[in-house]
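For reference, query_30.pdb is printed below; it contains PDB, C-alpha atoms.
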MODEL        1
ATOM      1  CA  MET G 865     -27.273 -60.871 -42.373  1.00  0.00           C
ATOM      2  CA  ARG G 866     -25.931 -64.018 -40.743  1.00  0.00           C
ATOM      3  CA  TYR G 867     -26.982 -65.140 -37.283  1.00  0.00           C
ATOM      4  CA  ALA G 868     -23.842 -66.698 -35.775  1.00  0.00           C
ATOM      5  CA  GLY G 869     -24.056 -68.560 -32.523  1.00  0.00           C
ATOM      6  CA  SER G 870     -21.774 -67.519 -29.673  1.00  0.00           C
ATOM      7  CA  TRP G 871     -19.841 -70.766 -30.228  1.00  0.00           C
ATOM      8  CA  MET G 872     -18.831 -69.719 -33.759  1.00  0.00           C
ATOM      9  CA  THR G 873     -15.618 -67.966 -34.843  1.00  0.00           C
ATOM     10  CA  ALA G 874     -14.593 -65.947 -37.909  1.00  0.00           C
ATOM     11  CA  VAL G 875     -12.891 -68.939 -39.526  1.00  0.00           C
ATOM     12  CA  ASP G 876     -16.212 -70.820 -39.492  1.00  0.00           C
ATOM     13  CA  ASP G 877     -17.708 -68.428 -42.053  1.00  0.00           C
ATOM     14  CA  ARG G 878     -14.647 -68.799 -44.309  1.00  0.00           C
ATOM     15  CA  ILE G 879     -14.892 -72.604 -44.119  1.00  0.00           C
ATOM     16  CA  LEU G 880     -18.611 -72.587 -44.911  1.00  0.00           C
ATOM     17  CA  GLU G 881     -18.111 -70.129 -47.778  1.00  0.00           C
ATOM     18  CA  TYR G 882     -15.356 -72.317 -49.247  1.00  0.00           C
ATOM     19  CA  LEU G 883     -17.472 -75.475 -49.005  1.00  0.00           C
ATOM     20  CA  SER G 884     -20.465 -73.676 -50.495  1.00  0.00           C
ATOM     21  CA  GLU G 885     -18.400 -72.682 -53.537  1.00  0.00           C
ATOM     22  CA  HIS G 886     -16.684 -76.074 -53.938  1.00  0.00           C
ATOM     23  CA  GLU G 887     -18.199 -79.531 -53.839  1.00  0.00           C
ATOM     24  CA  SER G 888     -16.061 -80.601 -50.876  1.00  0.00           C
ATOM     25  CA  GLY G 889     -12.740 -79.883 -49.260  1.00  0.00           C
ATOM     26  CA  SER G 890     -10.163 -80.832 -46.674  1.00  0.00           C
ATOM     27  CA  PRO G 891      -8.531 -78.428 -44.210  1.00  0.00           C
ATOM     28  CA  THR G 892      -5.305 -78.653 -46.224  1.00  0.00           C
ATOM     29  CA  LYS G 893      -7.085 -77.859 -49.487  1.00  0.00           C
ATOM     30  CA  MET G 894      -9.085 -75.019 -47.909  1.00  0.00           C
ATOM     31  CA  LYS G 895      -5.900 -73.488 -46.482  1.00  0.00           C
ATOM     32  CA  ARG G 896      -4.058 -73.824 -49.797  1.00  0.00           C
ATOM     33  CA  GLU G 897      -6.841 -72.752 -52.195  1.00  0.00           C
ATOM     34  CA  GLY G 898      -9.240 -70.680 -50.116  1.00  0.00           C
ATOM     35  CA  PRO G 899      -9.221 -67.233 -48.541  1.00  0.00           C
ATOM     36  CA  ILE G 900      -8.478 -68.746 -45.135  1.00  0.00           C
ATOM     37  CA  ARG G 901      -5.738 -67.076 -43.101  1.00  0.00           C
ATOM     38  CA  TYR G 902      -5.657 -69.621 -40.306  1.00  0.00           C
ATOM     39  CA  SER G 903      -3.442 -72.644 -39.732  1.00  0.00           C
ATOM     40  CA  ARG G 904      -4.454 -76.017 -41.142  1.00  0.00           C
ATOM     41  CA  GLN G 905      -4.759 -77.267 -37.551  1.00  0.00           C
ATOM     42  CA  GLN G 906      -7.183 -74.452 -36.650  1.00  0.00           C
ATOM     43  CA  VAL G 907      -9.230 -75.132 -39.795  1.00  0.00           C
ATOM     44  CA  HIS G 908      -9.313 -78.839 -38.897  1.00  0.00           C
ATOM     45  CA  ARG G 909     -10.515 -78.105 -35.325  1.00  0.00           C
ATOM     46  CA  ARG G 910     -13.257 -75.797 -36.592  1.00  0.00           C
ATOM     47  CA  CYS G 911     -14.352 -78.318 -39.234  1.00  0.00           C
ATOM     48  CA  LYS G 912     -14.859 -80.861 -36.456  1.00  0.00           C
ATOM     49  CA  LYS G 913     -16.913 -78.321 -34.478  1.00  0.00           C
ATOM     50  CA  LEU G 914     -19.015 -77.396 -37.535  1.00  0.00           C
ATOM     51  CA  ALA G 915     -19.635 -81.094 -38.203  1.00  0.00           C
ATOM     52  CA  GLU G 916     -20.687 -81.642 -34.563  1.00  0.00           C
ATOM     53  CA  ASN G 917     -23.231 -78.861 -35.073  1.00  0.00           C
ATOM     54  CA  SER G 918     -24.577 -80.207 -38.406  1.00  0.00           C
ATOM     55  CA  LEU G 919     -23.380 -77.317 -40.573  1.00  0.00           C
ATOM     56  CA  ILE G 920     -21.009 -79.584 -42.516  1.00  0.00           C
ATOM     57  CA  ASN G 921     -20.684 -83.349 -42.970  1.00  0.00           C
ATOM     58  CA  ASP G 922     -17.486 -85.298 -42.374  1.00  0.00           C
ATOM     59  CA  LEU G 923     -17.166 -87.549 -45.434  1.00  0.00           C
ATOM     60  CA  GLY G 924     -14.124 -89.332 -43.997  1.00  0.00           C
ATOM     61  CA  ASN G 925     -10.401 -89.030 -44.686  1.00  0.00           C
ATOM     62  CA  GLY G 926     -10.492 -85.373 -43.611  1.00  0.00           C
ATOM     63  CA  VAL G 927     -12.930 -84.303 -46.341  1.00  0.00           C
ATOM     64  CA  TYR G 928     -15.987 -82.189 -45.552  1.00  0.00           C
ATOM     65  CA  MET G 929     -19.132 -81.058 -47.380  1.00  0.00           C
ATOM     66  CA  ILE G 930     -21.596 -78.317 -46.452  1.00  0.00           C
ATOM     67  CA  THR G 931     -25.115 -79.342 -45.306  1.00  0.00           C
ATOM     68  CA  GLU G 932     -28.483 -77.712 -45.973  1.00  0.00           C
ATOM     69  CA  ASN G 933     -28.241 -76.133 -42.505  1.00  0.00           C
ATOM     70  CA  GLY G 934     -24.827 -74.732 -43.435  1.00  0.00           C
ATOM     71  CA  GLU G 935     -26.226 -73.211 -46.617  1.00  0.00           C
ATOM     72  CA  ALA G 936     -29.197 -71.797 -44.680  1.00  0.00           C
ATOM     73  CA  TYR G 937     -26.804 -70.168 -42.199  1.00  0.00           C
ATOM     74  CA  LEU G 938     -24.794 -68.564 -45.022  1.00  0.00           C
ATOM     75  CA  GLU G 939     -28.019 -67.231 -46.553  1.00  0.00           C
ATOM     76  CA  GLY G 940     -29.084 -65.717 -43.212  1.00  0.00           C
ATOM     77  CA  ARG G 941     -32.005 -68.114 -42.815  1.00  0.00           C
ATOM     78  CA  LEU G 942     -30.687 -70.050 -39.784  1.00  0.00           C
ATOM     79  CA  ASP G 943     -29.858 -68.691 -36.337  1.00  0.00           C
ATOM     80  CA  THR G 944     -27.118 -70.968 -34.981  1.00  0.00           C
ATOM     81  CA  GLU G 945     -27.515 -69.648 -31.448  1.00  0.00           C
ATOM     82  CA  ASN G 946     -31.156 -70.716 -31.057  1.00  0.00           C
ATOM     83  CA  TRP G 947     -31.181 -73.239 -33.946  1.00  0.00           C
ATOM     84  CA  GLN G 948     -34.249 -71.702 -35.531  1.00  0.00           C
ATOM     85  CA  TYR G 949     -34.970 -70.889 -39.132  1.00  0.00           C
ATOM     86  CA  ILE G 950     -35.529 -67.154 -39.575  1.00  0.00           C
ATOM     87  CA  ASP G 951     -37.965 -67.186 -42.498  1.00  0.00           C
ATOM     88  CA  GLU G 952     -40.458 -69.722 -41.159  1.00  0.00           C
ATOM     89  CA  GLU G 953     -43.656 -68.615 -39.455  1.00  0.00           C
ATOM     90  CA  THR G 954     -43.493 -71.490 -37.008  1.00  0.00           C
ATOM     91  CA  GLU G 955     -40.333 -71.572 -34.958  1.00  0.00           C
ATOM     92  CA  GLU G 956     -38.826 -75.024 -34.920  1.00  0.00           C
ATOM     93  CA  ASN G 957     -35.761 -76.598 -33.404  1.00  0.00           C
ATOM     94  CA  VAL G 958     -33.607 -77.706 -36.343  1.00  0.00           C
ATOM     95  CA  HIS G 959     -30.708 -79.033 -34.323  1.00  0.00           C
ATOM     96  CA  ASN G 960     -32.625 -82.076 -33.051  1.00  0.00           C
ATOM     97  CA  ASP G 961     -35.460 -82.271 -35.583  1.00  0.00           C
ATOM     98  CA  SER G 962     -34.974 -85.993 -36.249  1.00  0.00           C
ATOM     99  CA  THR G 963     -36.144 -86.883 -32.723  1.00  0.00           C
ATOM    100  CA  ASP G 964     -39.460 -85.018 -32.911  1.00  0.00           C
ATOM    101  CA  ASP G 965     -42.191 -87.395 -34.102  1.00  0.00           C
ATOM    102  CA  THR G 966     -45.365 -85.514 -33.214  1.00  0.00           C
ATOM    103  CA  VAL G 967     -48.633 -86.715 -34.779  1.00  0.00           C
ATOM    104  CA  THR G 968     -51.709 -84.497 -34.843  1.00  0.00           C
ATOM    105  CA  ASP G 969     -55.285 -85.276 -35.822  1.00  0.00           C
ATOM    106  CA  GLY G 970     -56.709 -82.913 -38.350  1.00  0.00           C
TER     107      GLY G 970
ENDMDL
END
Can you give me the file's structure in the form of structure tokens?
Amino acid sequence: MRYAGSWMTAVDDRILEYLSEHESGSPTKMKREGPIRYSRQQVHRRCKKLAENSLINDLGNGVYMITENGEAYLEGRLDTENWQYIDEETEENVHNDSTDDTVTDG
């Protein structure tokens, strides 16, 4: 079961599935080769949104690659509404994890 955020649309899953199966892809290539029934422009807009939300990386020149977070979402391990991993005992914010530098004494 996937945990899609309210900001996500049906085309987002198709884009992520395509990028998971292929090394990388552009909106034009996804539209031509993938099971995507949306316009190239719509695919391009959604790729930008997925990249803004760290589910894919923009490699430049309109080429994208799926991230670890994108793979985790496809596997049902990441809730993109709350940005929490499902299978971890400790809930953590994965959307901004690079800014959390907490040190504890043990």
- Query: What's the 12 Å shell around Leu919 in chain G, counting all atoms listed in the file, without same-chain residues fewer than 3 positions away, as JSON, numbers by chain?
  - Reply: {"G": [868, 869, 872, 876, 877, 879, 880, 881, 883, 884, 910, 911, 912, 913, 914, 915, 916, 922, 928, 929, 930, 931, 932, 933, 934, 935, 936, 937, 938, 942, 943, 944, 947, 958, 959]}
- Please write the residues picked by the PyMOL selection byres ((chain G and resi 899-902) around 12) on this file as a PyMOL selection string. chain G and resi 873-883+885+891-898+903-910
For range 935-942 of chain G, what centre and edge lengths in Å (one decimal) does the axis-aligned box get once 3 Å is added on each side of all its listed atoms, as JSON?
{"center_x": -28.4, "center_y": -69.5, "center_z": -43.2, "size_x": 13.2, "size_y": 13.5, "size_z": 12.8}
- By how many Å are CA of Ile920 in chain G and CA of Gly889 in chain G apart?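 Those two atoms sit 10.7 Å apart.
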- Any idea what the distance is between CA of Gly926 in chain G and CA of His886 in chain G? 15.2 Å
- Task: Could you check how far CA of Asn925 in chain G sits from CA of Glu887 in chain G, in Å to one decimal?
- Result: 15.3 Å
